[in-house]
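Asks: I'd like to ask some things about the structure below.
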Amino acid sequence: MTIRWLVASLHLLALAIGLGAIFARARILQRLRSVDALPDVFLADNLWALAALLWITTGAARAFAGLEKGTAYYFGHPLFWIKLGLFLLVFALELRPMTTLIRWRRAQQRGTTIDLSPAQSLAALSRIQIVIVVLMVFLAVAIARGLGQSLG
């Protein structure tokens with residue numbers, strides 16, 4: 001029982017960390033005018049990555065390690081597949097920000113010029129990810145309550 005509680009708590013904590021981080025990253029990127037603000041972008045991005053790591057590990061444990069309703073329940077629930085699809089969409093949308101921010105980090109370490117022009121589009125991608133994560137929360141609650149099982 002304690003491990004179930006701990007894993008579920010970490011899964012929910014990831015939501016708080018993740019939404020705060022992606023919101024902060026979007027806001028900072030939207031206003032980014034100089035490299036002086038890059039440490040703030042990088043901090044928000046690191047917290048977003050931490051949340052992703054927590055979500056993936058705790059979510060997999062909850063769905064597939066027998067800590068919650070079990071694999072058969074989740075695989076048999078149509079909303080689970082929608083939630084998984086949304087997760088994959090968040091990941092796909094993250095590829096561009098992730099690669100761009102890695103390039104910016106490397107350029108900053110080398111002391112070379114950083115092209116900040118992608119910042120606005122990265123902020124827009126982050127805002128889209130916020131909406132998707134919120135939708136995933138609604139799906140998670142529906143799945144936990146057994147709603148939507150008749151869709152399949």
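Every chain in the structure tokens has a letter given in the order shown (A, B, ...), and although residue numbers restart at 1 in each chain, ligands are simply numbered from 1 in the order shown.
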Let's see if you can do this: from backbone DSSP, list all helix (DSSP H, G or I) residues in region 27-135 of chain A, as a count of residues only.

Replies: 90

Asks: What's around region 99-108 of chain A at 9 Å? Count only C-alpha atoms, leave out sequence neighbours fewer than 4 positions away in its own chain, and write the answer as a list in words.

Replies: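 Neighbouring residues, sequence-local ones excluded: Val35, Leu38, Val41, Phe42, Asp45, Glu94, Leu95, Thr112, Thr113, Ile114, Asp115, Leu116, Pro118 and Leu122 of chain A.
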
Asks: Nearest to Phe87 (chain A): which of A:Val7, A:Ala37, A:Leu32, A:Ile132 is it, counting only C-alpha atoms?

Replies: A:Ile132

Asks: Need to verify the contact set: Leu79 (chain A), 9 Å, only C-alpha atoms, exclusion of same-chain residues closer than 4 positions in sequence. Can you return it as a list in words?

Replies: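 In the requested format, the answer is Tyr74, Lys83, Leu84, Leu139, Ala140, Ala142, Ile143, Leu147, Gly148, Gln149, Leu151 and Gly152 of chain A.
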
Asks: Can those selected residues be exported to a file as a compact mmCIF listing (two decimals), in the first residue's frame so that it contains N, CA and C atoms?

Replies:
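Wrote it out as selection-v4.txt, contents follow:
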# COMPACT_ATOMS: atom_id res chain seq x y z
N TYR A 74 -6.16 -1.03 -18.28
CA TYR A 74 -5.73 0.11 -19.08
C TYR A 74 -5.75 -0.20 -20.57
N LYS A 83 -5.31 8.90 -24.27
CA LYS A 83 -4.34 9.55 -23.37
C LYS A 83 -2.92 9.24 -23.81
N LEU A 84 -2.65 7.99 -24.17
CA LEU A 84 -1.33 7.61 -24.64
C LEU A 84 -0.99 8.34 -25.93
N LEU A 139 -8.68 13.03 -18.98
CA LEU A 139 -8.74 11.63 -19.40
C LEU A 139 -8.32 10.69 -18.28
N ALA A 140 -7.28 11.04 -17.55
CA ALA A 140 -6.80 10.20 -16.45
C ALA A 140 -7.87 10.02 -15.39
N ALA A 142 -11.12 10.33 -15.86
CA ALA A 142 -12.18 9.53 -16.47
C ALA A 142 -11.81 8.04 -16.46
N ILE A 143 -10.57 7.74 -16.79
CA ILE A 143 -10.10 6.35 -16.79
C ILE A 143 -10.16 5.77 -15.38
N LEU A 147 -15.07 5.82 -16.53
CA LEU A 147 -15.91 6.49 -17.53
C LEU A 147 -15.40 6.19 -18.93
N GLY A 148 -16.29 6.10 -19.88
CA GLY A 148 -15.91 5.92 -21.27
C GLY A 148 -15.56 4.51 -21.66
N GLN A 149 -15.75 3.54 -20.79
CA GLN A 149 -15.40 2.17 -21.13
C GLN A 149 -16.28 1.61 -22.24
N LEU A 151 -16.97 2.98 -24.92
CA LEU A 151 -16.57 3.50 -26.23
C LEU A 151 -15.92 2.42 -27.08
N GLY A 152 -15.30 1.45 -26.44
CA GLY A 152 -14.50 0.45 -27.14
C GLY A 152 -15.24 -0.68 -27.64

Asks: Considering only C-alpha atoms, can you say which of A:Ile56, A:Ala72, A:Leu6, A:Ala44 comes closest to Phe23 (chain A)?

Replies: A:Ala44

Asks: Between CA of Ala16 (chain A) and CA of Ala51 (chain A), what distance in Å does the model show, to one decimal?

Replies: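 Here the two named atoms are 8.3 Å from each other.
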